[in-house]
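A short write-up of the structure that comes next.
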Amino acid sequence: MIEYGHFIGGKAVAGKSGRTGEVFQPMDGTVRAHVAFASRAEVRAAVENAKAAQGGWAAVNPQRRARVLMKFLDLIAKYDDELADILAREHGKTIGDAKGDIQRGVEVVEFALGVPHLMKGEYTDGAGPGIDLYSMRQPLGVVAGITPFNFPAMIPLWKLAPAIACGNAFILKPSERDPGVPMRLGEIFVEAGGPPGILNVVNGDKEAVDAILDDPDIQAIGFVGSTPIAHYIYSRGTATGKRVQCFGGAKNHMVVMPDADVDAAADAAVSAAYGSAGERCMAISVVVAVGAVADELVEAISSRIEDVVVGPGSDPASMMGPLVTAEHRDRVTAYVHGAAEEGARVVVDGSSQRWSQGFFTGCSLIDEVKPGMRLYDDEIFGPVLGVVRTPTFDDAVALVNANPYGNGVALFTRDGGTARRFEREITVGMVGINVPIPVPVAFYSFGGWKASLFGDSPIYGPEGVRFYTRPKVVTSRWPEPTESAIDLGFPSTR
């Protein structure tokens with residue numbers, strides 16, 4: 001049995017609170033590990049350790065900090081198979097999906113290697129007589145990230161890489177459901193030459209989260225998770241004067257026009273809805289079929305579902321793994337069971353499939369879904385795809401814009417004018433045109449609108465650097481050597 005404590009000061013340390021949780025292996029339902037839940041005192045010890053290390057790290061020039069991250073990248077590649085195996089066992093993803101999780105995190109680390117350029121300031125020569133102005137960006141100090149179970153490699157890397165590159169010390173509080181990869185990332189960072197204390201990993205539950213929110217030495221917090229928790233963290237964190245970046249839930253739509261390539265749209269819908277078992281904030285959970293395309297599209301999607309191989313990540317043939325816990329599986333399948341009662345039509349009932357062990361469910365497709373149904377209104381976070389039929393493009397845009405979430409949206413069409421109008425009128429933060437999951441590449445920034453984002457700061461890219469630094473402007477005056485008089489600039493009538 002694996003026993004996870006915390007990673008503080010460059011080494012694994014045992015938990016002291018006496019409270020623990022179970023880490024399951026979703027592919028067979030067994031308990032893989034126990035994880036310690038940190039007390040407030042243990043969180044405080046991690047912060048003090050990080051604070052002691054941060055000043056020295058900030059004094060290291062940006063090029064040398066980038067070189068540590070270069071070595072960090074090399075070691076992540078070296079341990080890729082090991083990390084993917086841990087991730088698949090604790091989350092449930094297939095090995096291919098687990099490696100994709102790692103790779104998307106790696107891309108942000110690669111972007112952070114450009115920190116010497118990204119932190120450059122501005123300079124104005126001769127702003128006044130003998131006066132020059134220049135700006136600089138400086139690290140905040142100790143910052144923290146509270147990350148979810150669904151991407152245990154990618155989202156921690158999205159947050160820690162720009163924070164550490166900019167000269168901060170980072171406290172990571174990963175999900176207690178799958179802490180193995182975050183713990184291993186702490187070890188790999190130190191192996192890469194990262195100073196002990198610059199990346200500390202503290203496991204825990206709400207007590208640890210509240211300790212992070214209340215700690216006076218933590219200057220900024222990044223969070224990804226559900227909207228209610230995002231609202232709680234944003235409200236409490238900002239109330240204590242912290243800079244807070246919170247990403248909440250989503251209800252992502254894929255609008256399919258009558259002129260779209262139906263085969264391409266159906267392929268995209270299946271991969272975007274059922275990939276990673278639907279446990280991702282950018283998953284497509286609603287297809288909006290416009291006009292006459294609906295019947296053909298529903299048939300095309302349903303015919304592809306039978307080809308999706310559901311099984312354990314250890315099986316190379318598996319295309320979709322289990323859900324993270326039995327409770328979450330039961331919650332997801334309840335939406336399918338209740339769909340017909342709400343007036344929807346169950347086309348494919350994946351919840352009826354049975355496995356002898358593990359937290360599996362099949363892919364479900366529900367047609368004739370409407371706003372007001374739980375299936376439409378709630379974030380299901382599982383392999384359930386609903387189809388809403390609308391008569392016109394304008395109706396589809398109005399539907400998406402009326403939804404309280406605004407994370408991602410996609411449009412499938414062959415018409416450039418329709419696409420151009422869509423990307424301007426839609427009130428969603430990330431838009432895909434014939435791209436089902438429009439996650440921006442690492443040199444842009446990731447962020448939704450409305451109830452999907454609290455605050456105004458996206459993750460990674462240029463916005464990530466701004467979030468983890470603060471500007472300072474210096475006004476300097478160097479008089480000519482022959483000048484000795486000091487003019488303080490007071491008004492004079494002479």
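Starting from 1 in every chain, residues are counted up; chains themselves are A, B, ... following the order of the structure tokens, and ligands are numbered from 1 as listed.
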
What are the nearest atom pairs, with distances in Å to one decimal, for all residues of stretch 155-215 of chain A that come at most 10 Å from stretch 458-472 of chain A, using only C-alpha atoms, set out by chain and rising residue number as CSV?
```
residue,atom,partner,partner_atom,distance
A:Ile155,CA,A:Ile459,CA,9.4
A:Leu157,CA,A:Tyr460,CA,9.6
A:Trp158,CA,A:Tyr460,CA,6.0
A:Lys159,CA,A:Tyr460,CA,6.9
A:Leu160,CA,A:Tyr460,CA,9.6
A:Ala161,CA,A:Tyr460,CA,8.6
A:Pro162,CA,A:Val465,CA,6.0
A:Ala163,CA,A:Tyr468,CA,5.5
A:Ile164,CA,A:Tyr468,CA,8.8
A:Ala165,CA,A:Val465,CA,8.8
A:Cys166,CA,A:Thr469,CA,6.9
A:Gly167,CA,A:Thr469,CA,8.7
A:Asn168,CA,A:Tyr468,CA,7.6
```

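Using only C-alpha atoms, the residues found no farther than 9 Å from A:Asn203, other than those of its own chain fewer than 3 positions away, are Tyr4, Gly5, His6, Phe7, Gly15, Val35, Ala36, Phe37, Ala38, Leu172, Lys173, Pro174, Ser175, Glu176, Pro179 and Ala208 of chain A.
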
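Distance annotation: of A:Ile437, A:Val202, A:Val108, A:Met320, the residue with the minimal separation from A:Ala88 is A:Met320; atom set is only C-alpha atoms.
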
Considering only strand (DSSP E or B) as DSSP defines it on the backbone, what residues of stretch 239-480 of chain A qualify? List them as a VMD selection string. chain A and resid 243 to 247 252 to 256 284 to 290 310 320 345 to 348 364 to 367 384 to 390 405 to 406 408 to 412 430 to 433 446 449 to 450 453 to 454 459 469 to 477

May I have the residues within 8 Å of stretch 239-245 of chain A as an mmCIF file with C-alpha atoms, in the first residue's frame, using only C-alpha atoms and disregarding those fewer than 2 positions away in the same chain?
```cif
data_model
loop_
_atom_site.group_PDB
_atom_site.id
_atom_site.type_symbol
_atom_site.label_atom_id
_atom_site.label_comp_id
_atom_site.auth_asym_id
_atom_site.auth_seq_id
_atom_site.Cartn_x
_atom_site.Cartn_y
_atom_site.Cartn_z
ATOM 1 C CA LEU A 213 -6.718 30.981 1.572
ATOM 2 C CA ASP A 214 -6.048 32.528 4.976
ATOM 3 C CA PRO A 216 -0.829 35.987 5.083
ATOM 4 C CA ILE A 218 0.612 33.515 0.194
ATOM 5 C CA GLN A 219 0.259 36.330 -2.326
ATOM 6 C CA ALA A 220 -1.727 34.655 -5.108
ATOM 7 C CA ILE A 221 -3.862 31.558 -5.630
ATOM 8 C CA GLY A 222 -4.867 29.737 -8.798
ATOM 9 C CA PHE A 223 -7.771 27.270 -8.764
ATOM 10 C CA TYR A 234 -12.373 33.633 -5.105
ATOM 11 C CA SER A 235 -14.518 35.342 -2.489
ATOM 12 C CA ARG A 236 -12.476 34.223 0.501
ATOM 13 C CA GLY A 237 -9.108 34.700 -1.176
ATOM 14 C CA PHE A 247 -11.787 28.579 -13.148
ATOM 15 C CA LEU A 453 -14.137 32.307 -14.687
ATOM 16 C CA PHE A 454 -13.906 34.333 -11.489
ATOM 17 C CA GLY A 455 -11.591 37.277 -11.829
ATOM 18 C CA ASP A 456 -10.147 38.395 -15.127
ATOM 19 C CA SER A 457 -6.869 36.510 -15.389
ATOM 20 C CA PRO A 458 -6.548 33.494 -17.739
ATOM 21 C CA ILE A 459 -4.060 30.670 -17.199
ATOM 22 C CA PHE A 467 -0.567 37.056 -12.961
#
```

For atom CA of A:Met119 and atom CA of A:Trp57, quote the distance in Å rounded to one decimal.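 Interatomic distance here is 15.2 Å.
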
How many Å separate atom CA of A:Ser314 from atom CA of A:Gly29?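 Distance reported for this atom pair: 14.0 Å.
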